[in-house]
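Student: Sharing target08.cif below, mmCIF, C-alpha atoms, pLDDT in the B column; chains and numbers go by the auth columns:
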data_run
#
loop_
_atom_site.group_PDB
_atom_site.id
_atom_site.type_symbol
_atom_site.label_atom_id
_atom_site.label_comp_id
_atom_site.label_asym_id
_atom_site.label_seq_id
_atom_site.Cartn_x
_atom_site.Cartn_y
_atom_site.Cartn_z
_atom_site.B_iso_or_equiv
_atom_site.auth_seq_id
_atom_site.auth_asym_id
ATOM 1 C CA MET A 1 26.500 -51.320 -6.320 58.00 183 A
ATOM 2 C CA ALA A 2 29.872 -49.926 -5.231 63.00 184 A
ATOM 3 C CA CYS A 3 30.904 -49.713 -1.594 65.00 185 A
ATOM 4 C CA ALA A 4 33.875 -47.989 0.022 64.00 186 A
ATOM 5 C CA THR A 5 35.080 -47.331 3.520 71.00 187 A
ATOM 6 C CA VAL A 6 36.445 -43.807 3.600 64.00 188 A
ATOM 7 C CA ASP A 7 37.455 -41.845 6.673 66.00 189 A
ATOM 8 C CA MET A 8 35.086 -38.852 6.932 65.00 190 A
ATOM 9 C CA ASP A 9 37.107 -36.891 9.529 66.00 191 A
ATOM 10 C CA ILE A 10 38.471 -33.449 8.689 64.00 192 A
ATOM 11 C CA HIS A 11 42.221 -33.571 8.164 60.00 193 A
ATOM 12 C CA GLY A 12 44.771 -30.844 7.834 58.00 194 A
ATOM 13 C CA ALA A 13 46.355 -29.962 4.482 55.00 195 A
ATOM 14 C CA ASP A 14 49.602 -31.721 5.381 56.00 196 A
ATOM 15 C CA GLU A 15 47.953 -34.992 6.381 54.00 197 A
ATOM 16 C CA GLU A 16 46.845 -37.704 4.062 55.00 198 A
ATOM 17 C CA PRO A 17 43.337 -39.059 4.517 53.00 199 A
ATOM 18 C CA HIS A 18 43.387 -42.510 5.994 54.00 200 A
ATOM 19 C CA ARG A 19 41.122 -45.402 5.377 54.00 201 A
ATOM 20 C CA ALA A 20 38.722 -46.249 8.168 53.00 202 A
ATOM 21 C CA ASP A 21 40.306 -49.625 8.631 49.00 203 A
ATOM 22 C CA CYS A 22 43.733 -48.189 9.546 49.00 204 A
ATOM 23 C CA ARG A 23 44.521 -48.332 13.226 49.00 205 A
ATOM 24 C CA GLU A 24 46.940 -45.410 13.400 50.00 206 A
ATOM 25 C CA THR A 25 46.500 -42.853 16.107 52.00 207 A
ATOM 26 C CA GLN A 26 45.455 -39.510 14.786 56.00 208 A
ATOM 27 C CA ARG A 27 45.454 -36.108 16.270 59.00 209 A
ATOM 28 C CA ILE A 28 41.942 -34.735 16.658 62.00 210 A
ATOM 29 C CA ARG A 29 41.543 -31.036 16.097 64.00 211 A
ATOM 30 C CA HIS A 30 38.729 -29.129 17.802 65.00 212 A
ATOM 31 C CA TYR A 31 37.591 -25.563 17.343 63.00 213 A
ATOM 32 C CA ARG A 32 37.251 -23.639 20.552 66.00 214 A
ATOM 33 C CA ALA A 33 36.193 -20.034 20.671 63.00 215 A
ATOM 34 C CA THR A 34 38.514 -17.998 22.811 70.00 216 A
ATOM 35 C CA GLU A 35 36.426 -14.855 22.792 72.00 217 A
ATOM 36 C CA ILE A 36 32.706 -14.286 22.432 72.00 218 A
ATOM 37 C CA LEU A 37 31.917 -11.358 20.188 68.00 219 A
ATOM 38 C CA ALA A 38 28.664 -9.517 20.599 68.00 220 A
ATOM 39 C CA ASP A 39 26.518 -9.092 17.522 69.00 221 A
ATOM 40 C CA GLU A 40 26.605 -5.602 16.137 70.00 222 A
ATOM 41 C CA LYS A 41 23.192 -4.026 16.429 69.00 223 A
ATOM 42 C CA GLY A 42 22.164 -1.777 13.600 64.00 224 A
ATOM 43 C CA PRO A 43 20.339 1.491 14.025 65.00 225 A
ATOM 44 C CA LEU A 44 16.802 1.080 15.384 68.00 226 A
ATOM 45 C CA HIS A 45 17.456 -2.614 16.072 64.00 227 A
ATOM 46 C CA ASP A 46 15.118 -2.779 19.070 70.00 228 A
ATOM 47 C CA LEU A 47 12.368 -0.902 17.250 71.00 229 A
ATOM 48 C CA LEU A 48 12.650 -3.020 14.106 71.00 230 A
ATOM 49 C CA GLN A 49 12.320 -6.184 16.202 77.00 231 A
ATOM 50 C CA LYS A 50 8.760 -5.049 16.989 75.00 232 A
ATOM 51 C CA GLN A 51 7.926 -5.157 13.252 83.00 233 A
ATOM 52 C CA PRO A 52 6.571 -1.636 12.657 84.00 234 A
ATOM 53 C CA ALA A 53 6.344 -2.512 8.953 83.00 235 A
ATOM 54 C CA VAL A 54 3.442 -4.843 9.722 86.00 236 A
ATOM 55 C CA LEU A 55 1.505 -1.994 11.303 86.00 237 A
ATOM 56 C CA GLY A 56 2.578 0.234 8.417 90.00 238 A
ATOM 57 C CA SER A 57 1.152 -2.282 5.961 91.00 239 A
ATOM 58 C CA LEU A 58 -2.096 -2.320 7.924 91.00 240 A
ATOM 59 C CA GLN A 59 -2.126 1.468 7.684 93.00 241 A
ATOM 60 C CA VAL A 60 -1.769 1.284 3.909 95.00 242 A
ATOM 61 C CA VAL A 61 -4.605 -1.254 3.615 94.00 243 A
ATOM 62 C CA SER A 62 -6.919 0.751 5.876 93.00 244 A
ATOM 63 C CA GLY A 63 -6.004 3.883 3.920 94.00 245 A
ATOM 64 C CA PHE A 64 -7.065 2.216 0.668 95.00 246 A
ATOM 65 C CA LEU A 65 -10.302 1.083 2.325 93.00 247 A
ATOM 66 C CA SER A 66 -10.934 4.608 3.532 92.00 248 A
ATOM 67 C CA VAL A 67 -10.367 6.046 0.044 93.00 249 A
ATOM 68 C CA ALA A 68 -12.743 3.427 -1.411 92.00 250 A
ATOM 69 C CA VAL A 69 -15.442 4.401 1.082 89.00 251 A
ATOM 70 C CA GLY A 70 -14.895 8.041 0.132 87.00 252 A
ATOM 71 C CA ILE A 71 -15.348 7.226 -3.547 89.00 253 A
ATOM 72 C CA ILE A 72 -18.577 5.376 -2.761 87.00 254 A
ATOM 73 C CA PHE A 73 -19.860 8.399 -0.831 83.00 255 A
ATOM 74 C CA ALA A 74 -18.794 10.848 -3.531 83.00 256 A
ATOM 75 C CA VAL A 75 -20.695 8.890 -6.166 86.00 257 A
ATOM 76 C CA THR A 76 -23.857 8.081 -4.219 84.00 258 A
ATOM 77 C CA GLN A 77 -24.454 11.162 -2.080 81.00 259 A
ATOM 78 C CA GLU A 78 -25.046 14.849 -2.667 81.00 260 A
ATOM 79 C CA MET A 79 -22.235 17.135 -1.618 78.00 261 A
ATOM 80 C CA THR A 80 -24.285 19.011 0.987 78.00 262 A
ATOM 81 C CA GLU A 81 -25.900 15.978 2.621 76.00 263 A
ATOM 82 C CA SER A 82 -23.168 15.403 5.186 78.00 264 A
ATOM 83 C CA LEU A 83 -19.983 16.895 6.556 80.00 265 A
ATOM 84 C CA PHE A 84 -18.299 13.589 5.759 78.00 266 A
ATOM 85 C CA THR A 85 -18.827 14.141 2.036 78.00 267 A
ATOM 86 C CA LEU A 86 -18.445 17.915 2.094 81.00 268 A
ATOM 87 C CA PHE A 87 -14.946 17.873 3.597 80.00 269 A
ATOM 88 C CA ARG A 88 -13.863 14.676 1.772 85.00 270 A
ATOM 89 C CA VAL A 89 -12.918 13.199 5.112 86.00 271 A
ATOM 90 C CA SER A 90 -12.213 9.668 3.939 87.00 272 A
ATOM 91 C CA HIS A 91 -10.132 10.790 0.954 89.00 273 A
ATOM 92 C CA MET A 92 -7.936 12.915 3.169 90.00 274 A
ATOM 93 C CA THR A 93 -7.528 10.372 5.961 92.00 275 A
ATOM 94 C CA GLY A 94 -6.997 7.546 3.475 93.00 276 A
ATOM 95 C CA ALA A 95 -4.240 9.413 1.636 94.00 277 A
ATOM 96 C CA LEU A 96 -2.517 10.350 4.899 94.00 278 A
ATOM 97 C CA PHE A 97 -2.605 6.788 6.170 95.00 279 A
ATOM 98 C CA ILE A 98 -1.221 5.433 2.914 95.00 280 A
ATOM 99 C CA ILE A 99 1.679 7.888 3.208 95.00 281 A
ATOM 100 C CA ALA A 100 2.218 7.019 6.885 94.00 282 A
ATOM 101 C CA GLY A 101 2.231 3.290 6.116 93.00 283 A
ATOM 102 C CA VAL A 102 4.745 3.688 3.298 95.00 284 A
ATOM 103 C CA VAL A 103 7.058 5.784 5.501 93.00 285 A
ATOM 104 C CA SER A 104 6.786 3.197 8.310 89.00 286 A
ATOM 105 C CA ASN A 105 7.702 0.453 5.853 89.00 287 A
ATOM 106 C CA LEU A 106 10.685 2.414 4.513 90.00 288 A
ATOM 107 C CA MET A 107 12.269 2.677 7.968 84.00 289 A
ATOM 108 C CA PHE A 108 13.871 -0.750 7.526 81.00 290 A
ATOM 109 C CA LYS A 109 15.939 0.577 4.664 85.00 291 A
ATOM 110 C CA TYR A 110 16.252 4.199 5.807 87.00 292 A
ATOM 111 C CA PRO A 111 16.443 4.484 9.634 84.00 293 A
ATOM 112 C CA ALA A 112 16.784 8.269 9.340 87.00 294 A
ATOM 113 C CA LEU A 113 13.044 8.394 8.585 88.00 295 A
ATOM 114 C CA LEU A 114 12.193 7.818 12.267 86.00 296 A
ATOM 115 C CA PRO A 115 11.386 11.493 13.062 90.00 297 A
ATOM 116 C CA VAL A 116 9.473 11.870 9.787 92.00 298 A
ATOM 117 C CA SER A 117 7.424 8.772 10.501 91.00 299 A
ATOM 118 C CA PHE A 118 6.740 9.964 14.040 92.00 300 A
ATOM 119 C CA MET A 119 5.465 13.342 12.796 94.00 301 A
ATOM 120 C CA VAL A 120 3.377 11.809 9.998 95.00 302 A
ATOM 121 C CA ASN A 121 1.728 9.368 12.410 93.00 303 A
ATOM 122 C CA CYS A 122 0.997 12.161 14.907 94.00 304 A
ATOM 123 C CA GLY A 123 -0.568 14.202 12.091 94.00 305 A
ATOM 124 C CA CYS A 124 -2.611 11.190 10.976 93.00 306 A
ATOM 125 C CA MET A 125 -3.943 10.715 14.489 94.00 307 A
ATOM 126 C CA THR A 126 -4.944 14.364 14.681 94.00 308 A
ATOM 127 C CA VAL A 127 -6.725 14.303 11.325 93.00 309 A
ATOM 128 C CA ALA A 128 -8.445 11.007 12.166 93.00 310 A
ATOM 129 C CA ILE A 129 -9.730 12.390 15.482 93.00 311 A
ATOM 130 C CA VAL A 130 -11.161 15.447 13.661 92.00 312 A
ATOM 131 C CA ALA A 131 -12.733 13.060 11.118 91.00 313 A
ATOM 132 C CA VAL A 132 -14.329 11.029 13.922 92.00 314 A
ATOM 133 C CA CYS A 133 -15.822 14.253 15.317 92.00 315 A
ATOM 134 C CA LEU A 134 -17.243 15.190 11.891 89.00 316 A
ATOM 135 C CA ILE A 135 -18.741 11.728 11.435 88.00 317 A
ATOM 136 C CA SER A 136 -20.230 11.895 14.936 89.00 318 A
ATOM 137 C CA VAL A 137 -21.921 15.185 14.075 88.00 319 A
ATOM 138 C CA ASP A 138 -23.274 13.590 10.882 84.00 320 A
ATOM 139 C CA LEU A 139 -24.595 10.616 12.813 84.00 321 A
ATOM 140 C CA ALA A 140 -26.275 12.885 15.356 86.00 322 A
ATOM 141 C CA HIS A 141 -28.160 14.731 12.576 82.00 323 A
ATOM 142 C CA TRP A 142 -28.934 11.692 10.455 79.00 324 A
ATOM 143 C CA SER A 143 -32.271 11.369 8.658 75.00 325 A
ATOM 144 C CA PRO A 144 -33.938 7.923 8.475 77.00 326 A
ATOM 145 C CA GLU A 145 -34.351 7.942 4.666 72.00 327 A
ATOM 146 C CA ASN A 146 -30.566 7.564 4.143 65.00 328 A
ATOM 147 C CA ASP A 147 -30.190 4.245 5.938 69.00 329 A
ATOM 148 C CA GLN A 148 -27.662 2.727 3.484 69.00 330 A
ATOM 149 C CA HIS A 149 -25.297 5.672 4.005 76.00 331 A
ATOM 150 C CA LEU A 150 -25.533 5.242 7.758 81.00 332 A
ATOM 151 C CA ARG A 151 -23.970 1.777 7.550 82.00 333 A
ATOM 152 C CA VAL A 152 -21.143 2.968 5.329 83.00 334 A
ATOM 153 C CA GLU A 153 -20.436 5.876 7.659 84.00 335 A
ATOM 154 C CA LEU A 154 -20.325 3.470 10.593 88.00 336 A
ATOM 155 C CA LEU A 155 -17.855 1.353 8.597 88.00 337 A
ATOM 156 C CA GLU A 156 -15.695 4.410 8.043 89.00 338 A
ATOM 157 C CA LEU A 157 -15.932 5.203 11.753 92.00 339 A
ATOM 158 C CA CYS A 158 -14.612 1.710 12.553 93.00 340 A
ATOM 159 C CA VAL A 159 -11.796 2.097 10.004 92.00 341 A
ATOM 160 C CA LEU A 160 -10.851 5.432 11.552 93.00 342 A
ATOM 161 C CA GLY A 161 -10.801 3.803 14.985 94.00 343 A
ATOM 162 C CA LEU A 162 -8.410 1.154 13.652 92.00 344 A
ATOM 163 C CA GLU A 163 -6.233 3.827 12.064 92.00 345 A
ATOM 164 C CA ILE A 164 -6.075 5.812 15.303 94.00 346 A
ATOM 165 C CA VAL A 165 -5.039 2.708 17.267 94.00 347 A
ATOM 166 C CA LEU A 166 -2.347 1.806 14.710 91.00 348 A
ATOM 167 C CA SER A 167 -0.931 5.340 14.700 93.00 349 A
ATOM 168 C CA ALA A 168 -1.000 5.529 18.498 93.00 350 A
ATOM 169 C CA ILE A 169 0.977 2.288 18.807 90.00 351 A
ATOM 170 C CA LEU A 170 3.516 3.416 16.213 89.00 352 A
ATOM 171 C CA CYS A 171 3.864 6.858 17.807 90.00 353 A
ATOM 172 C CA PHE A 172 4.464 5.236 21.191 88.00 354 A
ATOM 173 C CA TRP A 173 7.163 2.944 19.752 83.00 355 A
ATOM 174 C CA PHE A 174 8.786 5.771 17.781 84.00 356 A
ATOM 175 C CA SER A 175 8.832 8.175 20.708 85.00 357 A
ATOM 176 C CA LYS A 176 10.272 5.493 22.963 82.00 358 A
ATOM 177 C CA GLU A 177 13.044 4.835 20.436 79.00 359 A
ATOM 178 C CA LYS A 178 13.577 8.526 19.705 74.00 360 A
ATOM 179 C CA TYR A 179 13.960 9.559 23.329 75.00 361 A
ATOM 180 C CA SER A 180 16.053 6.537 24.327 72.00 362 A
ATOM 181 C CA LYS A 181 18.748 7.598 21.829 64.00 363 A
ATOM 182 C CA SER A 182 18.798 11.284 22.793 56.00 364 A
ATOM 183 C CA PRO A 183 21.535 12.456 25.214 53.00 365 A
#
Could you write out this file's structure as C-alpha coordinates?
Tutor:
Amino acid sequence: MACATVDMDIHGADEEPHRADCRETQRIRHYRATEILADEKGPLHDLLQKQPAVLGSLQVVSGFLSVAVGIIFAVTQEMTESLFTLFRVSHMTGALFIIAGVVSNLMFKYPALLPVSFMVNCGCMTVAIVAVCLISVDLAHWSPENDQHLRVELLELCVLGLEIVLSAILCFWFSKEKYSKSP
(Lines of atoms letter the chains of each structure in order from A and count residues from 1; the text may use other names and numbers.)
(Lines give C-alpha, C1' and ligand atoms only; values in the text may rest on other atoms or scores of the structure.)
Protein backbone atom coordinates (compact mmCIF):
# COMPACT_ATOMS: atom_id res chain seq x y z
CA MET A 1 0.00 0.00 0.00
CA ALA A 2 1.32 3.45 -0.94
CA CYS A 3 1.55 6.28 1.56
CA ALA A 4 2.31 9.97 1.04
CA THR A 5 2.37 13.07 3.16
CA VAL A 6 0.87 15.87 1.10
CA ASP A 7 -0.07 19.32 2.33
CA MET A 8 -3.87 19.65 1.97
CA ASP A 9 -4.05 23.44 2.46
CA ILE A 10 -5.40 25.67 -0.30
CA HIS A 11 -2.60 27.59 -1.97
CA GLY A 12 -2.65 30.45 -4.40
CA ALA A 13 -1.82 29.97 -8.09
CA ASP A 14 1.63 31.52 -7.66
CA GLU A 15 2.64 29.30 -4.75
CA GLU A 16 3.97 25.82 -4.99
CA PRO A 17 2.37 23.19 -2.76
CA HIS A 18 4.67 22.19 0.03
CA ARG A 19 5.14 18.88 1.67
CA ALA A 20 3.75 18.55 5.17
CA ASP A 21 7.18 17.95 6.57
CA CYS A 22 8.53 21.35 5.45
CA ARG A 23 8.83 23.87 8.24
CA GLU A 24 8.50 27.04 6.17
CA THR A 25 6.14 29.72 7.33
CA GLN A 26 3.20 30.14 5.06
CA ARG A 27 0.68 32.84 4.68
CA ILE A 28 -2.81 31.66 5.57
CA ARG A 29 -5.61 33.11 3.53
CA HIS A 30 -9.11 33.41 5.00
CA TYR A 31 -12.36 34.39 3.36
CA ARG A 32 -14.25 37.07 5.18
CA ALA A 33 -17.53 38.45 3.96
CA THR A 34 -17.50 42.21 3.95
CA GLU A 35 -21.17 42.63 3.19
CA ILE A 36 -24.18 40.46 3.92
CA LEU A 37 -26.56 40.28 1.00
CA ALA A 38 -30.20 39.53 1.61
CA ASP A 39 -31.72 36.68 -0.35
CA GLU A 40 -33.96 37.84 -3.13
CA LYS A 41 -37.51 36.77 -2.45
CA GLY A 42 -39.53 35.74 -5.44
CA PRO A 43 -43.15 36.65 -5.99
CA LEU A 44 -45.51 35.04 -3.46
CA HIS A 45 -42.53 33.83 -1.41
CA ASP A 46 -44.37 34.03 1.92
CA LEU A 47 -47.46 32.32 0.52
CA LEU A 48 -45.48 29.54 -1.14
CA GLN A 49 -43.71 28.82 2.15
CA LYS A 50 -47.11 27.71 3.50
CA GLN A 51 -47.26 24.99 0.80
CA PRO A 52 -50.62 25.74 -0.86
CA ALA A 53 -49.81 23.00 -3.38
CA VAL A 54 -50.33 20.40 -0.66
CA LEU A 55 -53.84 21.67 -0.03
CA GLY A 56 -54.35 21.88 -3.79
CA SER A 57 -53.37 18.23 -4.12
CA LEU A 58 -55.85 17.35 -1.38
CA GLN A 59 -58.48 19.25 -3.33
CA VAL A 60 -57.74 17.21 -6.44
CA VAL A 61 -57.95 13.92 -4.51
CA SER A 62 -61.22 14.89 -2.80
CA GLY A 63 -62.56 16.04 -6.17
CA PHE A 64 -61.84 12.61 -7.67
CA LEU A 65 -63.51 10.97 -4.67
CA SER A 66 -66.53 13.19 -5.12
CA VAL A 67 -66.79 12.32 -8.82
CA ALA A 68 -66.51 8.60 -7.96
CA VAL A 69 -69.35 8.91 -5.45
CA GLY A 70 -71.41 10.68 -8.11
CA ILE A 71 -70.80 7.85 -10.56
CA ILE A 72 -71.89 5.32 -7.94
CA PHE A 73 -75.09 7.29 -7.33
CA ALA A 74 -75.78 7.72 -11.04
CA VAL A 75 -75.51 3.98 -11.61
CA THR A 76 -77.38 2.73 -8.55
CA GLN A 77 -80.16 5.26 -8.05
CA GLU A 78 -83.09 6.57 -10.04
CA MET A 79 -82.79 10.14 -11.23
CA THR A 80 -85.81 11.40 -9.28
CA GLU A 81 -85.00 9.70 -5.97
CA SER A 82 -82.91 12.53 -4.56
CA LEU A 83 -81.81 16.08 -5.25
CA PHE A 84 -78.24 14.85 -4.94
CA THR A 85 -78.64 12.69 -8.04
CA LEU A 86 -81.00 15.01 -9.89
CA PHE A 87 -78.63 17.99 -9.87
CA ARG A 88 -75.46 15.87 -10.23
CA VAL A 89 -74.08 17.56 -7.16
CA SER A 90 -71.00 15.40 -6.70
CA HIS A 91 -70.02 15.57 -10.38
CA MET A 92 -70.15 19.34 -10.33
CA THR A 93 -68.36 19.81 -7.02
CA GLY A 94 -65.77 17.17 -7.90
CA ALA A 95 -64.94 18.81 -11.23
CA LEU A 96 -64.68 22.25 -9.61
CA PHE A 97 -62.38 20.99 -6.88
CA ILE A 98 -60.14 19.23 -9.38
CA ILE A 99 -59.82 22.51 -11.29
CA ALA A 100 -59.19 24.47 -8.08
CA GLY A 101 -56.50 22.01 -6.97
CA VAL A 102 -54.72 22.15 -10.32
CA VAL A 103 -54.75 25.97 -10.31
CA SER A 104 -53.42 26.01 -6.73
CA ASN A 105 -50.61 23.66 -7.76
CA LEU A 106 -49.73 25.79 -10.80
CA MET A 107 -49.12 28.88 -8.67
CA PHE A 108 -45.55 27.74 -7.98
CA LYS A 109 -44.73 28.09 -11.65
CA TYR A 110 -47.14 30.91 -12.52
CA PRO A 111 -47.58 33.38 -9.60
CA ALA A 112 -49.94 35.48 -11.73
CA LEU A 113 -52.62 32.82 -11.10
CA LEU A 114 -53.18 34.10 -7.55
CA PRO A 115 -56.39 36.06 -8.34
CA VAL A 116 -57.69 33.22 -10.51
CA SER A 117 -57.06 30.69 -7.77
CA PHE A 118 -58.72 32.95 -5.21
CA MET A 119 -61.86 33.29 -7.36
CA VAL A 120 -62.00 29.58 -8.19
CA ASN A 121 -61.71 28.62 -4.52
CA CYS A 122 -64.41 31.13 -3.54
CA GLY A 123 -66.68 29.67 -6.24
CA CYS A 124 -65.92 26.14 -5.03
CA MET A 125 -66.88 27.08 -1.49
CA THR A 126 -70.15 28.57 -2.69
CA VAL A 127 -71.05 25.52 -4.77
CA ALA A 128 -70.06 23.15 -1.95
CA ILE A 129 -72.25 25.02 0.55
CA VAL A 130 -75.22 24.76 -1.86
CA ALA A 131 -74.43 21.04 -2.27
CA VAL A 132 -74.42 20.57 1.51
CA CYS A 133 -77.87 22.21 1.66
CA LEU A 134 -79.20 19.89 -1.07
CA ILE A 135 -77.80 16.83 0.70
CA SER A 136 -79.32 18.02 3.98
CA VAL A 137 -82.73 18.28 2.33
CA ASP A 138 -82.27 14.75 0.95
CA LEU A 139 -81.32 13.43 4.37
CA ALA A 140 -84.34 15.10 5.96
CA HIS A 141 -86.70 13.35 3.49
CA TRP A 142 -84.93 10.01 3.46
CA SER A 143 -86.90 6.76 3.30
CA PRO A 144 -85.67 3.76 5.34
CA GLU A 145 -85.60 1.33 2.38
CA ASN A 146 -82.60 3.14 0.82
CA ASP A 147 -80.19 2.59 3.70
CA GLN A 148 -77.10 1.90 1.53
CA HIS A 149 -77.52 5.25 -0.24
CA LEU A 150 -77.76 7.03 3.09
CA ARG A 151 -74.21 5.98 4.00
CA VAL A 152 -72.82 7.08 0.66
CA GLU A 153 -74.57 10.44 0.95
CA LEU A 154 -73.09 10.88 4.42
CA LEU A 155 -69.67 10.09 2.93
CA GLU A 156 -70.21 12.76 0.30
CA LEU A 157 -71.29 15.18 3.03
CA CYS A 158 -68.00 14.54 4.85
CA VAL A 159 -66.02 15.01 1.62
CA LEU A 160 -67.82 18.29 0.99
CA GLY A 161 -66.98 19.41 4.53
CA LEU A 162 -63.31 18.66 3.85
CA GLU A 163 -63.47 20.54 0.55
CA ILE A 164 -65.05 23.58 2.21
CA VAL A 165 -62.35 23.65 4.89
CA LEU A 166 -59.56 23.34 2.30
CA SER A 167 -61.01 26.12 0.15
CA ALA A 168 -61.56 28.36 3.17
CA ILE A 169 -57.93 27.98 4.25
CA LEU A 170 -56.66 28.66 0.73
CA CYS A 171 -58.96 31.66 0.30
CA PHE A 172 -57.73 33.09 3.60
CA TRP A 173 -54.08 32.67 2.57
CA PHE A 174 -54.70 34.07 -0.92
CA SER A 175 -56.63 37.08 0.32
CA LYS A 176 -53.96 37.80 2.91
CA GLU A 177 -51.28 37.69 0.20
CA LYS A 178 -53.41 39.60 -2.31
CA TYR A 179 -54.20 42.48 0.02
CA SER A 180 -50.71 42.69 1.52
CA LYS A 181 -49.29 43.48 -1.94
CA SER A 182 -51.92 46.07 -2.90
CA PRO A 183 -51.02 49.77 -2.43
Student: Might you spell out which residues the PyMOL selection byres ((chain A and resi 356) around 12) would select in the displayed file, as a PyMOL selection string?
Tutor: chain A and resi 226+228-230+232-234+286+289+293-304+349-355+357-363
Student: Please, could you write that set of residues out with C-alpha atoms as a PDB file, in the coordinates of the input?
Tutor:
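Writing done, so here's out-v2.pdb:
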ATOM      1  CA  LEU A 226      16.802   1.080  15.384  1.00 68.00           C
ATOM      2  CA  ASP A 228      15.118  -2.779  19.070  1.00 70.00           C
ATOM      3  CA  LEU A 229      12.368  -0.902  17.250  1.00 71.00           C
ATOM      4  CA  LEU A 230      12.650  -3.020  14.106  1.00 71.00           C
ATOM      5  CA  LYS A 232       8.760  -5.049  16.989  1.00 75.00           C
ATOM      6  CA  GLN A 233       7.926  -5.157  13.252  1.00 83.00           C
ATOM      7  CA  PRO A 234       6.571  -1.636  12.657  1.00 84.00           C
ATOM      8  CA  SER A 286       6.786   3.197   8.310  1.00 89.00           C
ATOM      9  CA  MET A 289      12.269   2.677   7.968  1.00 84.00           C
ATOM     10  CA  PRO A 293      16.443   4.484   9.634  1.00 84.00           C
ATOM     11  CA  ALA A 294      16.784   8.269   9.340  1.00 87.00           C
ATOM     12  CA  LEU A 295      13.044   8.394   8.585  1.00 88.00           C
ATOM     13  CA  LEU A 296      12.193   7.818  12.267  1.00 86.00           C
ATOM     14  CA  PRO A 297      11.386  11.493  13.062  1.00 90.00           C
ATOM     15  CA  VAL A 298       9.473  11.870   9.787  1.00 92.00           C
ATOM     16  CA  SER A 299       7.424   8.772  10.501  1.00 91.00           C
ATOM     17  CA  PHE A 300       6.740   9.964  14.040  1.00 92.00           C
ATOM     18  CA  MET A 301       5.465  13.342  12.796  1.00 94.00           C
ATOM     19  CA  VAL A 302       3.377  11.809   9.998  1.00 95.00           C
ATOM     20  CA  ASN A 303       1.728   9.368  12.410  1.00 93.00           C
ATOM     21  CA  CYS A 304       0.997  12.161  14.907  1.00 94.00           C
ATOM     22  CA  SER A 349      -0.931   5.340  14.700  1.00 93.00           C
ATOM     23  CA  ALA A 350      -1.000   5.529  18.498  1.00 93.00           C
ATOM     24  CA  ILE A 351       0.977   2.288  18.807  1.00 90.00           C
ATOM     25  CA  LEU A 352       3.516   3.416  16.213  1.00 89.00           C
ATOM     26  CA  CYS A 353       3.864   6.858  17.807  1.00 90.00           C
ATOM     27  CA  PHE A 354       4.464   5.236  21.191  1.00 88.00           C
ATOM     28  CA  TRP A 355       7.163   2.944  19.752  1.00 83.00           C
ATOM     29  CA  SER A 357       8.832   8.175  20.708  1.00 85.00           C
ATOM     30  CA  LYS A 358      10.272   5.493  22.963  1.00 82.00           C
ATOM     31  CA  GLU A 359      13.044   4.835  20.436  1.00 79.00           C
ATOM     32  CA  LYS A 360      13.577   8.526  19.705  1.00 74.00           C
ATOM     33  CA  TYR A 361      13.960   9.559  23.329  1.00 75.00           C
ATOM     34  CA  SER A 362      16.053   6.537  24.327  1.00 72.00           C
ATOM     35  CA  LYS A 363      18.748   7.598  21.829  1.00 64.00           C
TER      36      LYS A 363
END
Student: Skipping near chain neighbours, those fewer than 5 positions away, what residues fall within 10 Å of Phe246 (chain A) using only C-alpha atoms, listed as a list in words?
Tutor: Leu240, Gln241, Val251, Gly252, Ser272, His273, Thr275, Gly276, Ala277, Phe279 and Ile280 of chain A
Student: Just C-alpha atoms for this one: save the residues we selected as a PDB file, keeping the file's coordinate frame.
Tutor:
ATOM      1  CA  LEU A 240      -2.096  -2.320   7.924  1.00 91.00           C
ATOM      2  CA  GLN A 241      -2.126   1.468   7.684  1.00 93.00           C
ATOM      3  CA  VAL A 251     -15.442   4.401   1.082  1.00 89.00           C
ATOM      4  CA  GLY A 252     -14.895   8.041   0.132  1.00 87.00           C
ATOM      5  CA  SER A 272     -12.213   9.668   3.939  1.00 87.00           C
ATOM      6  CA  HIS A 273     -10.132  10.790   0.954  1.00 89.00           C
ATOM      7  CA  THR A 275      -7.528  10.372   5.961  1.00 92.00           C
ATOM      8  CA  GLY A 276      -6.997   7.546   3.475  1.00 93.00           C
ATOM      9  CA  ALA A 277      -4.240   9.413   1.636  1.00 94.00           C
ATOM     10  CA  PHE A 279      -2.605   6.788   6.170  1.00 95.00           C
ATOM     11  CA  ILE A 280      -1.221   5.433   2.914  1.00 95.00           C
TER      12      ILE A 280
END
Student: Interatomic distance between CA of Gly245 (chain A) and CA of Thr262 (chain A)?
Tutor: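 Result for CA of Gly245 (chain A) versus CA of Thr262 (chain A): 23.9 Å, one decimal.
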Student: Would you mind telling me which residue in A:Ile317, A:Leu288, A:Ala310, A:Ala235 lies nearest to Leu268 (chain A) when using all atoms listed in the file?
Tutor: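 Of all the options, A:Ile317 lies closest to Leu268 (chain A).
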Student: On this file, the PyMOL selection byres ((chain A and resi 311) around 12) gives some set of residues; write that set as a list in words.
Tutor: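 Taken over the shown coordinates, the PyMOL selection byres ((chain A and resi 311) around 12) returns Val271, Thr275, Cys304, Gly305, Cys306, Met307, Thr308, Val309, Ala310, Val312, Ala313, Val314, Cys315, Leu316, Ile317, Ser318, Leu339, Val341, Leu342, Gly343, Leu344, Glu345, Ile346, Val347, Ser349 and Ala350 of chain A.
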Student: One number please: CA of Leu237 (chain A) to CA of Glu335 (chain A), in Å, one decimal.
Tutor: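 Rounded to one decimal, the two atoms are 23.6 Å apart.
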Student: Quick one, how far is CA of Ser239 (chain A) from CA of Phe269 (chain A)?
Tutor: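 Distance reported for this atom pair: 25.9 Å.
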Student: So, counting all atoms listed in the file, which residue among A:Gln231, A:Thr216, A:Ser325, A:Ala250 is closest to Glu338 (chain A)?
Tutor: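 The answer is A:Ala250, which sits nearest to Glu338 (chain A).
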